[in-house]
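As provided, upload37.cif (mmCIF, C-alpha atoms) reads as follows.
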```cif
data_data
loop_
_atom_site.label_atom_id
_atom_site.label_comp_id
_atom_site.auth_asym_id
_atom_site.auth_seq_id
_atom_site.Cartn_x
_atom_site.Cartn_y
_atom_site.Cartn_z
CA ALA O 1 92.66 60.74 161.94
CA ARG O 2 94.48 62.19 158.94
CA VAL O 3 96.26 59.61 156.75
CA ALA O 4 98.53 61.03 154.05
CA ILE O 5 99.58 59.38 150.79
CA LEU O 6 102.92 60.26 149.18
CA ALA O 7 103.20 58.01 146.13
CA GLY O 8 102.94 57.68 142.39
CA ASN O 9 99.99 56.25 140.47
CA SER O 10 99.26 52.60 141.23
CA VAL O 11 96.45 50.23 142.13
CA ASP O 12 97.83 50.31 145.68
CA TYR O 13 97.39 54.10 145.76
CA ALA O 14 93.71 53.68 144.84
CA ALA O 15 93.28 51.00 147.53
CA CYS O 16 94.93 53.22 150.14
CA TYR O 17 92.95 56.31 149.16
CA LEU O 18 89.53 54.65 149.06
CA GLY O 19 90.27 52.35 152.00
CA THR O 20 91.17 55.26 154.26
CA VAL O 21 87.89 56.99 153.44
CA GLN O 22 85.94 53.72 153.83
CA ALA O 23 87.50 53.29 157.29
CA GLY O 24 86.09 56.68 158.32
CA MET O 25 89.48 58.40 158.37
CA VAL O 26 90.53 61.42 156.31
CA THR O 27 92.70 61.00 153.22
CA VAL O 28 95.35 63.69 152.67
CA PRO O 29 96.83 63.26 149.15
CA LEU O 30 100.28 64.87 148.92
CA ASN O 31 101.72 66.43 145.79
CA ALA O 32 104.94 64.49 145.35
CA LYS O 33 106.47 67.37 143.36
CA LEU O 34 106.43 69.77 146.31
CA SER O 35 109.61 70.73 148.15
CA ALA O 36 110.56 68.95 151.36
CA ASP O 37 109.69 72.08 153.35
CA ALA O 38 106.24 72.34 151.75
CA LEU O 39 105.50 68.66 152.38
CA ALA O 40 106.60 68.96 156.00
CA TRP O 41 104.45 72.05 156.47
CA ILE O 42 101.32 70.33 155.06
CA ILE O 43 101.86 67.19 157.14
CA ASP O 44 102.19 69.32 160.27
CA ASP O 45 99.25 71.58 159.39
CA ALA O 46 96.93 68.63 158.77
CA GLY O 47 98.06 66.80 161.90
CA VAL O 48 98.86 63.70 159.83
CA GLU O 49 99.25 60.58 162.00
CA LEU O 50 100.40 58.16 159.30
CA VAL O 51 102.01 58.55 155.87
CA PHE O 52 101.72 55.82 153.24
CA CYS O 53 104.56 55.94 150.69
CA ASP O 54 105.72 53.83 147.80
CA ALA O 55 109.31 52.82 147.03
CA GLU O 56 109.86 55.86 144.79
CA PHE O 57 108.94 58.47 147.37
CA ALA O 58 109.67 56.74 150.69
CA HIS O 59 112.85 58.84 151.16
CA ARG O 60 110.71 62.01 151.18
CA ALA O 61 108.56 60.94 154.14
CA PRO O 62 109.25 62.90 157.36
CA ASP O 63 111.11 61.08 160.11
CA ASP O 64 108.77 62.21 162.89
CA VAL O 65 105.57 60.64 161.49
CA PRO O 66 104.95 56.87 161.23
CA ALA O 67 105.16 55.64 157.63
CA GLY O 68 103.87 52.60 155.79
CA ARG O 69 105.17 51.25 152.47
CA ILE O 70 102.43 50.48 149.96
CA GLY O 71 103.23 47.80 147.43
CA SER O 72 105.59 45.99 149.82
CA SER O 73 105.19 42.41 151.05
CA HIS O 74 104.05 43.83 154.40
CA TRP O 75 101.44 45.89 152.58
CA GLN O 76 100.08 42.82 150.78
CA GLY O 77 99.86 40.92 154.06
CA PHE O 78 98.18 43.89 155.70
CA LEU O 79 95.50 43.98 153.00
CA SER O 80 94.85 40.25 153.21
CA THR O 81 94.12 40.39 156.95
CA GLN O 82 91.74 43.34 157.00
CA PRO O 83 88.03 42.72 157.59
CA GLY O 84 85.51 43.89 155.02
CA GLY O 85 82.69 46.36 155.53
CA THR O 86 82.55 50.10 155.99
CA THR O 87 82.51 52.54 158.89
CA GLU O 88 79.33 54.54 159.49
CA VAL O 89 79.97 58.27 159.11
CA GLU O 90 77.89 61.44 159.05
CA SER O 91 77.32 63.02 155.65
CA ALA O 92 78.99 66.20 156.91
CA ALA O 93 82.10 64.37 158.13
CA VAL O 94 85.33 65.20 156.30
CA ALA O 95 86.47 62.50 153.87
CA VAL O 96 89.34 64.16 152.00
CA GLN O 97 91.63 67.07 152.86
CA MET O 98 93.13 68.44 149.66
CA TYR O 99 95.77 71.15 149.71
CA THR O 100 95.64 74.03 147.26
CA SER O 101 97.89 77.07 147.09
CA GLY O 102 95.54 79.38 145.22
CA SER O 103 97.30 82.62 144.36
CA THR O 104 99.02 83.65 147.60
CA GLY O 105 100.36 82.39 150.92
CA ARG O 106 100.69 78.92 152.38
CA PRO O 107 98.75 75.96 150.93
CA LYS O 108 95.23 75.71 152.33
CA GLY O 109 93.61 72.45 153.39
CA VAL O 110 90.27 72.12 151.58
CA LEU O 111 87.80 70.08 153.63
CA LEU O 112 85.65 67.84 151.40
CA THR O 113 82.88 65.87 153.07
CA HIS O 114 81.49 62.39 152.43
CA GLY O 115 78.14 63.86 151.39
CA GLY O 116 79.79 66.45 149.18
CA GLN O 117 81.91 63.86 147.41
CA ALA O 118 78.91 61.57 146.86
CA PHE O 119 76.97 64.53 145.44
CA SER O 120 79.79 65.49 143.08
CA ILE O 121 80.23 61.94 141.80
CA GLU O 122 76.50 61.55 141.17
CA GLN O 123 76.32 64.91 139.38
CA TYR O 124 79.30 64.08 137.20
CA THR O 125 78.12 60.64 136.13
CA SER O 126 74.57 61.81 135.46
CA GLY O 127 74.88 65.44 134.33
CA VAL O 128 78.41 66.61 133.59
CA MET O 129 79.64 63.53 131.69
CA PRO O 130 76.76 61.00 131.61
CA MET O 131 78.18 57.49 131.89
CA ASP O 132 77.15 53.85 132.29
CA PRO O 133 78.73 50.75 133.91
CA ASP O 134 80.52 49.77 130.70
CA GLU O 135 82.78 52.83 130.91
CA ARG O 136 86.54 52.43 130.56
CA LEU O 137 88.19 55.59 131.88
CA MET O 138 91.80 56.61 131.38
CA VAL O 139 93.67 57.91 134.44
CA ALA O 140 97.13 59.33 133.76
CA ALA O 141 97.16 62.57 135.75
CA PRO O 142 98.82 62.22 139.18
CA MET O 143 96.41 60.74 141.70
CA TRP O 144 97.02 63.54 144.18
CA HIS O 145 95.19 65.82 141.68
CA LYS O 146 91.40 66.15 141.71
CA ASN O 147 91.18 65.30 138.00
CA ALA O 148 92.55 61.78 138.52
CA GLN O 149 90.66 61.32 141.78
CA MET O 150 87.31 62.16 140.19
CA GLN O 151 87.97 59.78 137.29
CA LEU O 152 88.76 57.00 139.77
CA LYS O 153 85.67 57.69 141.89
CA MET O 154 83.35 57.92 138.90
CA ALA O 155 84.55 54.60 137.49
CA MET O 156 84.33 52.83 140.85
CA SER O 157 80.85 54.21 141.60
CA LEU O 158 79.58 52.86 138.27
CA GLY O 159 81.31 49.50 138.50
CA GLY O 160 83.33 50.58 135.50
CA THR O 161 87.00 50.09 134.56
CA VAL O 162 90.02 52.31 135.16
CA ILE O 163 92.91 52.17 132.70
CA LEU O 164 95.70 53.41 134.96
CA LEU O 165 99.04 54.80 133.82
CA PRO O 166 101.94 55.30 136.24
CA ARG O 167 102.47 58.77 134.81
CA PHE O 168 101.52 60.71 131.71
CA ASP O 169 103.34 60.02 128.47
CA ALA O 170 101.64 61.01 125.21
CA GLU O 171 102.51 57.87 123.24
CA LEU O 172 101.84 55.48 126.12
CA TYR O 173 98.51 57.22 126.78
CA LEU O 174 97.25 56.90 123.21
CA ARG O 175 98.48 53.32 122.81
CA ALA O 176 96.83 52.30 126.10
CA ALA O 177 93.58 54.01 125.07
CA ALA O 178 93.57 52.09 121.78
CA THR O 179 94.66 48.73 123.22
CA HIS O 180 92.20 48.75 126.13
CA ARG O 181 89.36 50.40 124.16
CA ALA O 182 88.96 53.42 126.41
CA THR O 183 85.57 55.14 126.25
CA SER O 184 86.42 58.29 128.23
CA LEU O 185 89.54 60.46 128.24
CA SER O 186 90.21 63.31 130.63
CA GLY O 187 93.09 65.67 131.29
CA VAL O 188 94.48 69.17 131.19
CA PRO O 189 95.08 70.97 127.86
CA THR O 190 98.86 70.49 128.03
CA MET O 191 98.44 66.71 128.05
CA PHE O 192 96.31 66.79 124.91
CA TRP O 193 98.63 69.28 123.18
CA MET O 194 101.42 66.73 123.64
CA MET O 195 99.21 64.07 122.05
CA LEU O 196 98.29 66.33 119.13
CA ALA O 197 102.01 66.81 118.50
CA ARG O 198 102.15 63.11 117.52
CA PRO O 199 99.86 62.99 114.44
CA GLU O 200 101.43 59.72 113.29
CA LEU O 201 99.94 57.97 116.32
CA PHE O 202 96.42 59.11 115.41
CA ASP O 203 96.98 57.73 111.91
CA GLU O 204 98.23 54.41 113.28
CA LEU O 205 95.91 53.72 116.21
CA ASP O 206 92.23 52.82 116.34
CA LEU O 207 90.70 55.28 118.81
CA SER O 208 87.11 54.79 117.67
CA SER O 209 86.09 53.49 121.13
CA VAL O 210 86.49 56.98 122.64
CA GLU O 211 83.04 58.46 123.24
CA ARG O 212 83.93 61.54 125.27
CA VAL O 213 86.95 63.73 125.94
CA GLY O 214 86.82 66.01 128.97
CA ILE O 215 89.36 68.82 129.11
CA GLY O 216 89.72 71.10 132.11
CA SER O 217 91.82 72.87 134.76
CA ALA O 218 93.06 75.52 132.31
CA PRO O 219 91.58 77.69 129.51
CA MET O 220 91.43 76.45 125.91
CA THR O 221 91.13 78.10 122.50
CA GLU O 222 88.72 77.56 119.61
CA ALA O 223 91.59 76.30 117.43
CA PHE O 224 92.63 73.75 120.05
CA PHE O 225 89.05 72.57 120.44
CA ALA O 226 88.66 72.18 116.66
CA GLU O 227 91.82 70.09 116.39
CA MET O 228 90.73 67.87 119.29
CA GLN O 229 87.35 67.28 117.65
CA GLN O 230 89.08 66.44 114.37
CA ARG O 231 91.32 63.85 116.06
CA PHE O 232 88.42 62.32 118.00
CA PRO O 233 85.58 62.62 115.46
CA GLY O 234 83.32 60.11 117.19
CA ALA O 235 83.65 61.69 120.63
CA VAL O 236 81.91 64.51 122.46
CA VAL O 237 84.66 66.99 123.35
CA THR O 238 83.87 69.34 126.24
CA ASN O 239 85.61 72.13 128.10
CA GLY O 240 85.11 71.30 131.77
CA TYR O 241 85.21 73.46 134.88
CA GLY O 242 85.80 72.77 138.53
CA THR O 243 87.94 73.79 141.47
CA THR O 244 89.31 71.87 144.41
CA GLU O 245 86.64 73.54 146.56
CA VAL O 246 83.71 72.58 144.31
CA VAL O 247 83.98 70.03 141.51
CA ALA O 248 80.59 69.66 139.79
CA VAL O 249 79.09 72.93 138.53
CA PHE O 250 78.19 72.82 134.82
CA GLY O 251 76.70 70.35 132.36
CA GLY O 252 74.52 70.39 129.25
CA HIS O 253 71.54 72.66 128.60
CA PRO O 254 68.22 71.45 130.10
CA ASP O 255 66.41 72.45 126.89
CA GLY O 256 68.78 70.41 124.75
CA LEU O 257 70.39 73.42 123.07
CA PRO O 258 73.59 72.59 121.18
CA ARG O 259 76.66 73.31 123.29
CA PRO O 260 78.92 76.12 122.04
CA THR O 261 82.46 74.90 121.58
CA ILE O 262 84.53 76.26 124.47
CA THR O 263 81.77 77.06 126.94
CA VAL O 264 82.23 75.48 130.36
CA GLY O 265 78.52 74.62 130.25
CA TYR O 266 75.14 75.41 131.77
CA PRO O 267 74.61 75.17 135.56
CA LEU O 268 73.50 71.75 136.75
CA GLU O 269 69.93 71.60 138.04
CA ALA O 270 71.09 70.74 141.57
CA VAL O 271 73.66 73.56 141.65
CA GLU O 272 72.98 77.26 142.29
CA THR O 273 75.20 79.84 140.58
CA ARG O 274 75.49 83.63 140.58
CA LEU O 275 77.67 86.13 138.76
CA VAL O 276 78.65 88.85 141.22
CA ASP O 277 80.29 92.22 140.59
CA PRO O 278 83.60 91.94 142.54
CA ALA O 279 83.61 95.69 143.20
CA THR O 280 80.10 95.97 144.68
CA GLY O 281 79.23 92.45 145.81
CA THR O 282 75.90 92.67 143.99
CA ASP O 283 74.61 90.42 141.22
CA ALA O 284 75.87 91.33 137.76
CA VAL O 285 73.44 93.12 135.47
CA SER O 286 72.80 91.84 131.94
CA ASP O 287 73.49 94.07 128.93
CA ASP O 288 71.17 94.61 125.99
CA ASP O 289 72.21 91.28 124.46
CA GLY O 290 71.37 89.40 127.64
CA ARG O 291 75.02 88.86 128.53
CA SER O 292 76.41 89.40 132.01
CA HIS O 293 79.89 89.32 133.53
CA GLY O 294 81.07 88.75 137.07
CA GLU O 295 82.76 86.50 139.61
CA LEU O 296 81.20 83.04 139.76
CA TRP O 297 79.63 82.13 143.11
CA VAL O 298 78.42 78.55 143.63
CA ARG O 299 76.18 76.94 146.23
CA SER O 300 75.51 73.18 146.36
CA PRO O 301 76.00 70.14 148.60
CA GLY O 302 79.32 69.64 146.80
CA VAL O 303 80.90 72.86 148.07
CA MET O 304 83.72 72.41 150.59
CA ALA O 305 83.03 72.64 154.30
CA GLY O 306 85.79 75.23 154.60
CA TYR O 307 89.56 75.56 154.91
CA HIS O 308 91.30 73.59 157.65
CA GLU O 309 91.82 75.79 160.74
CA LEU O 310 91.54 79.00 158.68
CA PRO O 311 88.26 80.56 159.86
CA ASP O 312 89.02 84.03 158.48
CA VAL O 313 89.91 82.71 155.03
CA THR O 314 86.84 80.46 155.09
CA ALA O 315 84.63 83.43 155.99
CA SER O 316 86.09 85.45 153.11
CA ARG O 317 85.31 82.71 150.58
CA LEU O 318 81.98 81.37 151.89
CA THR O 319 78.90 83.56 152.31
CA ASP O 320 75.71 81.80 153.42
CA GLY O 321 76.95 78.66 151.70
CA TRP O 322 77.95 80.52 148.53
CA TYR O 323 81.54 79.74 147.50
CA HIS O 324 83.36 82.67 145.85
CA THR O 325 85.38 80.92 143.14
CA GLY O 326 87.57 83.89 142.19
CA ASP O 327 86.86 83.10 138.53
CA LEU O 328 85.40 85.75 136.27
CA MET O 329 82.77 84.35 133.92
CA GLU O 330 80.58 85.54 131.07
CA ARG O 331 76.99 84.24 130.79
CA ASP O 332 74.95 84.59 127.58
CA ALA O 333 71.20 84.95 127.17
CA ASP O 334 70.78 81.14 126.98
CA GLY O 335 72.62 80.59 130.27
CA TRP O 336 75.88 79.22 128.83
CA HIS O 337 78.99 80.24 130.77
CA TRP O 338 82.53 81.02 129.57
CA PHE O 339 85.66 81.42 131.66
CA VAL O 340 87.18 84.89 131.20
CA ASP O 341 89.87 85.54 133.81
CA ARG O 342 90.75 85.45 137.50
CA VAL O 343 89.73 88.09 140.03
CA ASP O 344 93.28 87.89 141.40
CA ASP O 345 96.55 87.07 139.66
CA MET O 346 97.50 83.40 139.58
CA PHE O 347 100.27 81.56 137.76
CA VAL O 348 99.25 78.08 136.62
CA CYS O 349 102.14 75.68 136.03
#
```
Would you give me this structure, written as structure tokens?
Amino acid sequence: ARVAILAGNSVDYAACYLGTVQAGMVTVPLNAKLSADALAWIIDDAGVELVFCDAEFAHRAPDDVPAGRIGSSHWQGFLSTQPGGTTEVESAAVAVQMYTSGSTGRPKGVLLTHGGQAFSIEQYTSGVMPMDPDERLMVAAPMWHKNAQMQLKMAMSLGGTVILLPRFDAELYLRAAATHRATSLSGVPTMFWMMLARPELFDELDLSSVERVGIGSAPMTEAFFAEMQQRFPGAVVTNGYGTTEVVAVFGGHPDGLPRPTITVGYPLEAVETRLVDPATGTDAVSDDDGRSHGELWVRSPGVMAGYHELPDVTASRLTDGWYHTGDLMERDADGWHWFVDRVDDMFVC
């Protein structure tokens, strides 16, 4: 059964999201910023049987699908009467159905499995951003986005702490990070640009607890990276990479080589990658300097199972388990990768 969530950030959202998966059902996080028509289309396409809403977004729930109100007195009573334990599921069973528009057409339901999610979480906490149980992770991105979801899952898997904001606000974010001694920050470049625009807060607040800053979901520049490193001198700042279809791809270098500033990293040991010439479909050839360019293909247990009820689209993006990311990359002689462009045109907002 598909259970959708149409709500803002809250502890109840996390309980609903993780509880649905734990019950063996499929969580369908809904982007609350979408139009009513887009929301209705996704709910119909996924075959959603129940929508959980909060007070802010309850009016946007469709009338023809049963709805529950998280955070209400009924919700609290519901939680208090539920038995503990988990439901046995197959590793290949779908856990989460995320919708992504890509560059054209209707949103596509990305099918993420229990095994794939477990793999991605383990790879992130051990290879992409190595962490321990004392971590205190900030979550301010909307929880329907994979960035916030991965932060939540990483913290919970470690027994760590989530510092949760209802929505992103630059001053609130930095004050919360200082007050609650956050160790790990994560977000998209725009969020950090808004923080950098408040230099007086960096002068005022003690942010020395921050050990790592992960930035992703959009390209960054050398100048931006340098300013971030200056503002968080005690932290490791990294340019991350991932898509809805495959989250964990790159980490540090296995030989311990220093990481170039805006590289997205070196392929994780448990992840296979290729750079493919989009015109010929063959592996890219290195030049005299050992550099190669091409579309990134990825194969790992973390790759999606496919797109919901879109066999032709799935076949065009998955070849023998290789996911065609649509992202053009450059790889140097040491194996470091840099994002270059998209194969197709896409507007990121």
Write out as a ChimeraX atom specification each polymer residue whose atoms come within 10 Å of O:Ala182, counting only C-alpha atoms; drop sequence neighbours fewer than 4 positions from it. /O:135-138,161-163,174,176-178,207-212
Enumerate, as a list in words, the residues matched when the PyMOL selection byres ((chain O and resi 337-346) around 7) is run on the file above.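 On this input, the PyMOL selection byres ((chain O and resi 337-346) around 7) captures Ser103, Thr263, Val264, Gly265, Tyr266, Gly326, Asp327, Leu328, Met329, Glu330, Arg331, Asp332, Gly335, Trp336, Phe347 and Val348 of chain O.
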I'd like the interatomic distance between atom CA of O:Arg167 and atom CA of O:Met131, to a tenth of an Å.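 Interatomic distance, atom CA of O:Arg167 to atom CA of O:Met131: 24.5 Å.
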Surrounding residues of stretch 224-237 of chain O excluding itself and chain neighbours under 5 positions, 10 Å, all atoms listed in the file, as a VMD selection string: chain O and resid 129 183 to 186 189 192 to 193 195 to 196 199 202 to 203 207 to 215 261 to 262
Going by the chain IDs and residue numbers used in this file, which residues fall under the PyMOL selection byres ((chain O and resi 109-120) around 9)? Write them as a VMD selection string. chain O and resid 21 28 42 45 to 46 89 to 101 107 to 108 121 to 125 150 244 to 249 300 to 310
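The gap separating atom CA of O:Leu268 from atom CA of O:Pro130 is 12.4 Å, in Å to one decimal.
Those residues returned by the PyMOL selection byres ((chain O and resi 52-55) around 6) for this file are Ile5, Leu6, Ala7, Val51, Glu56, Phe57, Ala58, Ala67, Gly68, Arg69 and Ile70 of chain O.
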Would you list the contacts of O:Leu164 as a list in words, taking every protein, DNA or RNA residue within 8 Å and counting all atoms listed in the file, but skipping same-chain residues closer than 3 positions in sequence?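 Here the answer would be Asn9, Ser10, Val11, Met138, Val139 and Ala140 of chain O.
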So the first atom is atom CA of O:Leu172 and the second is atom CA of O:Ala155; what is the distance between them in Å, to one decimal place?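 The value is 20.7 Å.
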So that I can check the surroundings of stretch 17-20 of chain O, please list as a list in words every protein, DNA and RNA residue that reaches within 10 Å of it, counting all atoms listed in the file and ignoring chain neighbours fewer than 4 positions away.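 In the requested form, the answer reads Ala1, Arg2, Val3, Ala4, Ile5, Val11, Asp12, Tyr13, Gly24, Met25, Val26, Thr27, Val28, Pro29, Phe52, Leu79, Thr86, Ala95, Val96, Met143, Trp144, Gln149, Leu152, Lys153 and Met156 of chain O.
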O:Ala284 environment, 8 Å, all atoms listed in the file, sequence neighbours closer than 4 positions dropped, as number ranges by chain: O: 275-277, 292-294
